[in-house]
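J.: So here's query.cif, just mmCIF, C-alpha atoms:
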data_work
#
loop_
_atom_site.label_atom_id
_atom_site.label_comp_id
_atom_site.auth_asym_id
_atom_site.auth_seq_id
_atom_site.Cartn_x
_atom_site.Cartn_y
_atom_site.Cartn_z
CA MET A 1 -11.01 32.00 -12.55
CA HIS A 2 -7.47 33.26 -11.96
CA ILE A 3 -7.33 37.00 -11.43
CA PRO A 4 -4.37 38.55 -13.30
CA ASP A 5 -2.38 41.55 -12.07
CA GLY A 6 -4.16 44.82 -12.75
CA PHE A 7 -7.84 43.96 -12.25
CA ILE A 8 -7.97 44.86 -8.55
CA ASN A 9 -6.19 47.84 -7.00
CA PRO A 10 -3.06 47.42 -4.81
CA ALA A 11 -4.81 48.33 -1.53
CA VAL A 12 -7.52 45.67 -1.82
CA SER A 13 -4.96 43.18 -3.17
CA ALA A 14 -2.74 43.82 -0.15
CA VAL A 15 -5.62 43.35 2.31
CA ALA A 16 -6.43 40.08 0.53
CA ALA A 17 -2.80 38.96 0.75
CA VAL A 18 -2.67 39.59 4.50
CA THR A 19 -6.01 37.77 4.94
CA ALA A 20 -4.81 34.81 2.87
CA ALA A 21 -1.57 34.61 4.89
CA GLY A 22 -3.57 34.66 8.14
CA GLY A 23 -5.79 31.95 6.70
CA PHE A 24 -2.68 29.89 5.98
CA GLY A 25 -1.71 30.04 9.66
CA VAL A 26 -5.20 29.03 10.80
CA ALA A 27 -5.33 26.20 8.22
CA VAL A 28 -1.95 24.84 9.35
CA ARG A 29 -3.11 24.73 12.99
CA ARG A 30 -6.40 23.05 12.03
CA ALA A 31 -4.79 20.54 9.68
CA ARG A 32 -2.27 19.58 12.35
CA ILE A 33 -5.17 18.17 14.41
CA TYR A 34 -6.04 15.48 11.89
CA LEU A 35 -3.50 15.28 9.06
CA THR A 36 -1.60 12.16 10.11
CA GLU A 37 1.60 10.93 8.47
CA ARG A 38 -0.46 8.42 6.46
CA LEU A 39 -2.55 11.23 4.95
CA VAL A 40 0.47 13.26 3.76
CA PRO A 41 0.86 11.42 0.39
CA LEU A 42 -2.89 11.69 -0.27
CA ALA A 43 -2.88 15.44 0.40
CA ALA A 44 0.15 15.92 -1.89
CA LEU A 45 -1.54 13.84 -4.61
CA VAL A 46 -4.73 15.89 -4.30
CA ALA A 47 -2.67 19.06 -4.86
CA ALA A 48 -1.05 17.55 -7.98
CA PHE A 49 -4.47 16.41 -9.25
CA VAL A 50 -6.01 19.86 -8.77
CA PHE A 51 -3.07 21.40 -10.65
CA ALA A 52 -3.46 18.93 -13.54
CA GLY A 53 -7.25 19.27 -13.58
CA GLN A 54 -7.01 23.05 -13.75
CA MET A 55 -4.92 22.73 -16.94
CA VAL A 56 -7.75 21.06 -18.86
CA ASN A 57 -10.23 23.65 -20.07
CA PHE A 58 -13.48 22.18 -21.35
CA PRO A 59 -15.78 24.02 -23.77
CA VAL A 60 -18.80 25.59 -22.07
CA LEU A 61 -20.28 28.18 -24.45
CA PRO A 62 -19.22 29.32 -27.92
CA GLY A 63 -16.15 31.43 -27.14
CA MET A 64 -15.90 30.37 -23.50
CA SER A 65 -14.32 27.48 -21.63
CA GLY A 66 -14.13 26.44 -18.01
CA HIS A 67 -11.83 24.28 -15.94
CA LEU A 68 -11.86 22.36 -12.71
CA LEU A 69 -11.61 24.42 -9.52
CA GLY A 70 -11.11 21.34 -7.35
CA ALA A 71 -11.79 23.12 -4.06
CA VAL A 72 -14.68 20.99 -2.78
CA LEU A 73 -12.93 17.94 -4.21
CA ALA A 74 -9.89 18.72 -2.05
CA ALA A 75 -11.92 19.70 1.04
CA VAL A 76 -14.06 16.54 1.01
CA LEU A 77 -11.02 14.28 0.45
CA VAL A 78 -8.52 15.84 2.89
CA GLY A 79 -10.63 18.21 5.00
CA PRO A 80 -11.28 21.95 4.67
CA ALA A 81 -8.05 23.01 6.42
CA ALA A 82 -5.78 20.87 4.23
CA GLY A 83 -8.06 21.76 1.29
CA TYR A 84 -7.27 25.45 1.83
CA LEU A 85 -3.56 24.56 1.87
CA VAL A 86 -3.95 22.50 -1.34
CA LEU A 87 -5.51 25.41 -3.21
CA THR A 88 -2.87 27.79 -1.81
CA ILE A 89 -0.05 25.54 -3.06
CA VAL A 90 -1.65 25.19 -6.51
CA VAL A 91 -2.31 28.93 -6.91
CA VAL A 92 1.23 29.81 -5.81
CA VAL A 93 2.81 27.36 -8.30
CA GLN A 94 0.54 28.61 -11.09
CA ALA A 95 1.45 32.25 -10.44
CA LEU A 96 5.20 31.83 -9.88
CA VAL A 97 5.97 29.23 -12.57
CA PHE A 98 3.27 29.74 -15.20
CA ALA A 99 2.04 33.34 -14.79
CA ASP A 100 -1.47 31.91 -14.44
CA GLY A 101 -2.96 34.42 -12.01
CA GLY A 102 -1.10 37.55 -10.99
CA LEU A 103 1.55 37.86 -8.30
CA SER A 104 -0.22 40.85 -6.71
CA ALA A 105 -3.50 38.93 -7.02
CA LEU A 106 -2.21 35.87 -5.12
CA GLY A 107 -4.16 36.72 -1.98
CA LEU A 108 -7.34 37.39 -3.96
CA ASN A 109 -7.06 34.08 -5.81
CA ILE A 110 -6.36 32.19 -2.57
CA ILE A 111 -9.40 33.79 -0.93
CA ASN A 112 -11.68 32.99 -3.88
CA MET A 113 -10.51 29.41 -4.41
CA GLY A 114 -9.22 28.36 -0.98
CA LEU A 115 -11.42 30.26 1.47
CA VAL A 116 -14.66 30.63 -0.51
CA GLY A 117 -14.20 27.53 -2.68
CA ALA A 118 -12.71 24.95 -0.30
CA VAL A 119 -13.79 26.15 3.17
CA GLY A 120 -17.09 27.73 2.07
CA GLY A 121 -17.81 24.82 -0.26
CA TYR A 122 -17.14 22.38 2.58
CA VAL A 123 -19.66 24.19 4.80
CA VAL A 124 -22.24 23.74 2.00
CA TYR A 125 -21.24 20.06 1.76
CA ARG A 126 -21.71 19.52 5.50
CA VAL A 127 -25.11 21.23 5.52
CA LEU A 128 -26.27 19.15 2.54
CA MET A 129 -24.96 15.94 4.14
CA ARG A 130 -26.87 16.70 7.34
CA THR A 131 -30.11 17.53 5.58
CA THR A 132 -29.96 14.40 3.38
CA GLY A 133 -29.22 11.86 6.08
CA GLY A 134 -25.44 11.81 5.69
CA SER A 135 -24.87 8.21 4.62
CA ALA A 136 -21.56 7.20 3.04
CA ALA A 137 -23.38 6.22 -0.17
CA ARG A 138 -24.41 9.86 -0.66
CA VAL A 139 -20.91 11.31 -0.30
CA PRO A 140 -20.06 11.50 -4.05
CA LEU A 141 -23.42 13.00 -5.08
CA VAL A 142 -23.46 15.57 -2.26
CA ALA A 143 -19.81 16.46 -2.96
CA GLY A 144 -20.77 16.99 -6.61
CA ILE A 145 -23.65 19.32 -5.70
CA ALA A 146 -21.50 21.32 -3.28
CA ALA A 147 -18.77 21.51 -5.94
CA PHE A 148 -21.31 22.78 -8.49
CA LEU A 149 -22.34 25.55 -6.06
CA SER A 150 -18.75 26.42 -5.12
CA VAL A 151 -17.95 27.75 -8.60
CA PRO A 152 -20.59 30.55 -8.68
CA MET A 153 -19.70 31.23 -5.01
CA ALA A 154 -16.07 31.89 -5.95
CA ALA A 155 -17.22 33.91 -8.98
CA ALA A 156 -19.42 36.08 -6.74
CA ALA A 157 -16.41 36.68 -4.48
CA PHE A 158 -14.54 38.10 -7.48
CA ALA A 159 -17.48 40.41 -8.27
CA LEU A 160 -17.42 41.66 -4.66
CA GLU A 161 -13.66 42.31 -4.85
CA PHE A 162 -14.17 44.11 -8.15
CA ALA A 163 -16.91 46.23 -6.58
CA ILE A 164 -14.53 47.31 -3.79
CA GLY A 165 -11.24 47.57 -5.65
CA GLY A 166 -11.80 47.19 -9.38
CA THR A 167 -9.39 49.32 -11.43
CA ALA A 168 -11.78 49.74 -14.38
CA LYS A 169 -14.21 52.34 -13.08
CA SER A 170 -17.62 53.27 -14.47
CA LEU A 171 -18.52 49.66 -15.14
CA SER A 172 -21.74 48.21 -13.78
CA VAL A 173 -20.92 46.00 -10.81
CA GLY A 174 -24.40 44.46 -11.07
CA ALA A 175 -23.82 43.46 -14.68
CA ILE A 176 -20.43 41.96 -13.79
CA LEU A 177 -21.93 40.01 -10.89
CA LEU A 178 -24.72 38.70 -13.12
CA ALA A 179 -22.28 37.73 -15.88
CA MET A 180 -19.94 36.03 -13.41
CA LEU A 181 -22.80 34.08 -11.81
CA THR A 182 -24.39 32.89 -15.07
CA THR A 183 -21.14 31.83 -16.76
CA HIS A 184 -19.77 30.12 -13.65
CA THR A 185 -23.03 28.33 -12.92
CA LEU A 186 -22.58 26.67 -16.32
CA ILE A 187 -18.92 25.90 -15.58
CA GLY A 188 -20.04 24.50 -12.22
CA ILE A 189 -21.88 21.65 -13.95
CA GLY A 190 -18.55 20.23 -15.16
CA GLU A 191 -17.09 20.85 -11.71
CA GLY A 192 -19.91 18.87 -10.08
CA VAL A 193 -19.60 15.91 -12.46
CA ILE A 194 -15.80 15.64 -12.14
CA THR A 195 -15.93 16.01 -8.35
CA ALA A 196 -18.63 13.33 -7.97
CA LEU A 197 -16.67 10.90 -10.18
CA VAL A 198 -13.32 11.42 -8.44
CA VAL A 199 -14.75 11.36 -4.90
CA GLY A 200 -16.73 8.25 -5.89
CA ALA A 201 -13.55 6.52 -7.10
CA VAL A 202 -11.67 7.28 -3.87
CA MET A 203 -14.71 6.20 -1.80
CA ARG A 204 -14.68 2.82 -3.54
CA ALA A 205 -10.93 2.34 -3.03
CA ARG A 206 -10.27 3.86 0.41
CA PRO A 207 -13.42 5.11 2.20
CA ASP A 208 -11.40 5.25 5.43
CA LEU A 209 -9.21 8.06 4.03
CA VAL A 210 -12.05 10.38 2.89
CA TYR A 211 -12.29 13.15 5.48
CA GLY A 212 -15.83 14.21 4.59
CA SER A 213 -17.28 10.69 4.76
CA PRO A 214 -18.80 9.05 7.85
CA THR A 215 -16.44 6.16 7.07
CA PHE A 216 -13.34 8.35 7.75
CA ALA A 217 -11.10 6.43 10.17
CA GLY A 218 -9.23 9.38 11.66
CA ARG A 219 -10.38 12.18 13.88
CA ARG A 220 -11.56 15.47 12.45
CA SER A 221 -10.73 18.99 13.46
CA GLU A 222 -13.55 20.83 15.16
CA GLU A 223 -16.37 20.65 12.66
CA LEU A 224 -17.36 23.82 10.85
CA VAL A 225 -21.00 22.76 10.99
CA THR A 226 -22.21 20.28 13.56
CA MET B 227 5.07 -3.55 -2.92
CA LYS B 228 2.62 -2.36 -0.33
CA ARG B 229 -0.88 -1.65 -1.55
CA GLY B 230 -0.65 2.02 -0.66
CA VAL B 231 2.53 2.46 -2.73
CA VAL B 232 0.88 0.84 -5.76
CA ALA B 233 -2.20 3.07 -5.39
CA PHE B 234 0.04 6.14 -5.11
CA ILE B 235 1.95 5.26 -8.30
CA VAL B 236 -1.26 4.54 -10.23
CA ALA B 237 -2.81 7.84 -9.10
CA LEU B 238 0.35 9.77 -9.99
CA GLY B 239 0.38 8.10 -13.42
CA VAL B 240 -3.20 9.21 -14.06
CA ILE B 241 -2.36 12.76 -12.94
CA LEU B 242 0.69 12.89 -15.27
CA VAL B 243 -1.43 11.68 -18.21
CA ILE B 244 -3.98 14.40 -17.50
CA ALA B 245 -1.28 17.11 -17.30
CA THR B 246 0.72 16.04 -20.36
CA VAL B 247 -1.72 14.25 -22.72
CA VAL B 248 -5.32 15.18 -21.88
CA SER B 249 -4.21 18.82 -21.57
CA GLN B 250 -3.36 18.75 -25.31
CA PHE B 251 -7.09 18.55 -26.02
CA ALA B 252 -8.03 21.41 -23.68
CA SER B 253 -10.12 24.24 -25.08
CA SER B 254 -8.10 27.38 -25.80
CA GLU B 255 -11.17 29.61 -25.51
CA PRO B 256 -11.11 32.21 -22.71
CA ASP B 257 -12.17 30.84 -19.31
CA GLY B 258 -15.15 32.26 -17.43
CA LEU B 259 -13.38 35.25 -15.88
CA GLU B 260 -11.54 36.15 -19.12
CA PHE B 261 -14.82 35.86 -21.02
CA VAL B 262 -16.64 38.18 -18.61
CA ALA B 263 -13.70 40.61 -18.60
CA GLU B 264 -13.85 40.89 -22.41
CA GLN B 265 -17.64 41.08 -22.48
CA GLN B 266 -17.81 43.74 -19.74
CA GLY B 267 -14.84 45.71 -21.04
CA PHE B 268 -12.18 45.38 -18.36
CA ALA B 269 -9.93 42.75 -20.00
CA ASP B 270 -7.44 45.49 -20.96
CA ALA B 271 -6.72 46.16 -17.29
CA ALA B 272 -4.78 42.87 -17.09
CA ASP B 273 -1.03 43.34 -16.66
CA ASP B 274 0.87 40.35 -18.09
CA SER B 275 4.34 41.86 -17.75
CA LEU B 276 5.46 39.45 -15.01
CA GLU B 277 8.25 37.22 -16.34
CA VAL B 278 8.21 33.62 -15.14
CA PRO B 279 9.92 30.41 -16.37
CA LEU B 280 7.00 28.78 -18.19
CA ALA B 281 4.58 31.61 -18.90
CA ASP B 282 1.27 30.48 -20.40
CA TYR B 283 2.23 26.82 -19.88
CA GLY B 284 5.11 26.91 -22.39
CA GLY B 285 2.97 28.35 -25.16
CA GLY B 286 0.03 26.07 -24.57
CA GLU B 287 0.52 23.25 -27.06
CA GLY B 288 2.62 20.30 -28.14
CA ARG B 289 5.78 19.19 -26.41
CA SER B 290 6.27 22.44 -24.52
CA LEU B 291 2.80 22.06 -22.99
CA ALA B 292 3.60 18.47 -21.98
CA VAL B 293 6.85 19.67 -20.35
CA ALA B 294 4.92 22.42 -18.57
CA GLY B 295 2.40 19.87 -17.30
CA LEU B 296 5.16 17.53 -16.11
CA VAL B 297 7.05 20.34 -14.36
CA GLY B 298 3.85 21.65 -12.76
CA VAL B 299 2.82 18.26 -11.40
CA VAL B 300 6.32 17.53 -10.03
CA VAL B 301 6.65 20.98 -8.41
CA THR B 302 3.13 20.86 -6.94
CA LEU B 303 3.58 17.32 -5.65
CA GLY B 304 6.97 18.20 -4.13
CA LEU B 305 5.72 21.40 -2.53
CA GLY B 306 2.66 19.49 -1.29
CA PHE B 307 4.82 16.80 0.32
CA GLY B 308 7.00 19.48 1.92
CA VAL B 309 4.13 21.54 3.32
CA PHE B 310 2.02 18.61 4.50
CA TRP B 311 5.04 16.82 5.96
CA LEU B 312 5.78 19.89 8.08
CA VAL B 313 2.10 20.22 9.03
CA ARG B 314 1.50 16.53 9.80
CA ALA B 315 -0.05 15.57 13.11
CA GLY B 316 2.50 12.92 14.07
CA LYS B 317 3.07 9.21 13.62
CA HIS B 318 -0.50 8.19 14.31
CA ASP B 319 -2.72 5.99 12.24
CA PRO B 320 -6.22 7.24 11.54
CA GLY B 321 -8.32 6.15 14.47
CA GLU B 322 -5.71 6.89 17.09
CA PRO B 323 -5.81 10.23 18.82
CA ALA B 324 -3.46 12.65 17.07
CA GLY B 325 -0.58 14.29 18.90
CA THR B 326 -1.00 17.79 20.18
#
Represent the structure from my file as structure tokens, please.
T.:
Amino acid sequence: MHIPDGFINPAVSAVAAVTAAGGFGVAVRRARIYLTERLVPLAALVAAFVFAGQMVNFPVLPGMSGHLLGAVLAAVLVGPAAGYLVLTIVVVVQALVFADGGLSALGLNIINMGLVGAVGGYVVYRVLMRTTGGSAARVPLVAGIAAFLSVPMAAAAFALEFAIGGTAKSLSVGAILLAMLTTHTLIGIGEGVITALVVGAVMRARPDLVYGSPTFAGRRSEELVT
Amino acid sequence: MKRGVVAFIVALGVILVIATVVSQFASSEPDGLEFVAEQQGFADAADDSLEVPLADYGGGEGRSLAVAGLVGVVVTLGLGFGVFWLVRAGKHDPGEPAGT
């Protein structure tokens, strides 16, 4: 999932970096509306969990593995704005300390995982919650389904970036999109299961702290989907 | 200890076990994007020349992987606390209106 240096040209990478930085500013303003002092440790823990989860690749196909994205997980637990910040923190640490994802590709990776994965995935979650009645008991299952969908969504975002700024020319963008979607739909199954289990565990322990649940005790930022 | 502190320590313990122990059993096969890049013929475009402290999670196995996991969790948690502490809405409990 992490784009290395060299896949996408400098111009598109730079546009992505500026967009990701702008997104950081918007996310900070949004998170400030609801992220109370009591939620700070939870948000920091979610970031650490996403980092740890992304280290554990699970086998998917012969010759291919997948790992947790954690974007919908973060967005449902601490809200889409703080979720974007969580994925930004994780991607920055991975690139600067572990060379997992390129430095020039930071903006691209933040857009794919933070914007498309966390914010886009949260929109899907909200729509699914509304269309299924939205009870607290459904939160883990709906979060799992949205998480499943978020992985091919982020994969499609990469294919779009490759279509605009891919450095390897003369390749079929359609074939790359199809390959990204099929492989990441399979990876998304693991994503959905892990997300449903973790969100379910937090819902049992502290339903009042789960941003995406009707049991959330705080106020939310302006909803993305009403 | 307060219930929240206990829950925090338990959660952090689970996270550290995932990063240092469970990670030892992670698949070393290429992930989805690497797999597609090899299959579609653009894997060679990757530029791995960037030098960082723990490149490839300290080699990806054994004690060096455990150290990489520990360092990563501590750095991410610390950066998370820093960022979210600066962002925080104010000293309000959930349920009270947040400060502006």
J.: Would you translate the PyMOL selection byres ((chain B) within 6 of (chain A)) into the concrete set of residues it matches in this file, as a PyMOL selection string?
T.: chain B and resi 241+245+249+252-253+255-259+268+271-273+278-283+299+302-303+306-307+310+313-318+320-321
J.: Those same residues - C-alpha atoms - I'd like them written as a PDB file, keeping the file's coordinate frame.
T.:
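Saved file out-v8.pdb follows:
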ATOM      1  CA  ILE B 241      -2.360  12.760 -12.940  1.00  0.00           C
ATOM      2  CA  ALA B 245      -1.280  17.110 -17.300  1.00  0.00           C
ATOM      3  CA  SER B 249      -4.210  18.820 -21.570  1.00  0.00           C
ATOM      4  CA  ALA B 252      -8.030  21.410 -23.680  1.00  0.00           C
ATOM      5  CA  SER B 253     -10.120  24.240 -25.080  1.00  0.00           C
ATOM      6  CA  GLU B 255     -11.170  29.610 -25.510  1.00  0.00           C
ATOM      7  CA  PRO B 256     -11.110  32.210 -22.710  1.00  0.00           C
ATOM      8  CA  ASP B 257     -12.170  30.840 -19.310  1.00  0.00           C
ATOM      9  CA  GLY B 258     -15.150  32.260 -17.430  1.00  0.00           C
ATOM     10  CA  LEU B 259     -13.380  35.250 -15.880  1.00  0.00           C
ATOM     11  CA  PHE B 268     -12.180  45.380 -18.360  1.00  0.00           C
ATOM     12  CA  ALA B 271      -6.720  46.160 -17.290  1.00  0.00           C
ATOM     13  CA  ALA B 272      -4.780  42.870 -17.090  1.00  0.00           C
ATOM     14  CA  ASP B 273      -1.030  43.340 -16.660  1.00  0.00           C
ATOM     15  CA  VAL B 278       8.210  33.620 -15.140  1.00  0.00           C
ATOM     16  CA  PRO B 279       9.920  30.410 -16.370  1.00  0.00           C
ATOM     17  CA  LEU B 280       7.000  28.780 -18.190  1.00  0.00           C
ATOM     18  CA  ALA B 281       4.580  31.610 -18.900  1.00  0.00           C
ATOM     19  CA  ASP B 282       1.270  30.480 -20.400  1.00  0.00           C
ATOM     20  CA  TYR B 283       2.230  26.820 -19.880  1.00  0.00           C
ATOM     21  CA  VAL B 299       2.820  18.260 -11.400  1.00  0.00           C
ATOM     22  CA  THR B 302       3.130  20.860  -6.940  1.00  0.00           C
ATOM     23  CA  LEU B 303       3.580  17.320  -5.650  1.00  0.00           C
ATOM     24  CA  GLY B 306       2.660  19.490  -1.290  1.00  0.00           C
ATOM     25  CA  PHE B 307       4.820  16.800   0.320  1.00  0.00           C
ATOM     26  CA  PHE B 310       2.020  18.610   4.500  1.00  0.00           C
ATOM     27  CA  VAL B 313       2.100  20.220   9.030  1.00  0.00           C
ATOM     28  CA  ARG B 314       1.500  16.530   9.800  1.00  0.00           C
ATOM     29  CA  ALA B 315      -0.050  15.570  13.110  1.00  0.00           C
ATOM     30  CA  GLY B 316       2.500  12.920  14.070  1.00  0.00           C
ATOM     31  CA  LYS B 317       3.070   9.210  13.620  1.00  0.00           C
ATOM     32  CA  HIS B 318      -0.500   8.190  14.310  1.00  0.00           C
ATOM     33  CA  PRO B 320      -6.220   7.240  11.540  1.00  0.00           C
ATOM     34  CA  GLY B 321      -8.320   6.150  14.470  1.00  0.00           C
TER      35      GLY B 321
END
J.: Please measure the separation of CA of Val18 (chain A) and CA of Ala105 (chain A), giving the value in Å to one decimal.
T.: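 Those two atoms sit 11.6 Å apart.
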J.: Measure the distance from CA of Ser290 (chain B) to CA of Asn109 (chain A) in Å and round it to one decimal.
T.: 25.8 Å
J.: Need to verify the contact set: region 115-132 of chain A, 10 Å, all atoms listed in the file, exclusion of same-chain residues closer than 6 positions in sequence. Can you return it as a PyMOL selection string?
T.: chain A and resi 19-20+23-24+27+69-76+79-88+108-109+138-139+141-157+212-214+223-226
J.: Set the distance at 7 Å and use all atoms listed in the file: which residues neighbour Gln250 (chain B) once local chain neighbours fewer than 4 positions away are removed? I'd like the list as a list in words.
T.: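 Contacts, with the query itself left out: Thr246, Glu287 and Gly288 of chain B.
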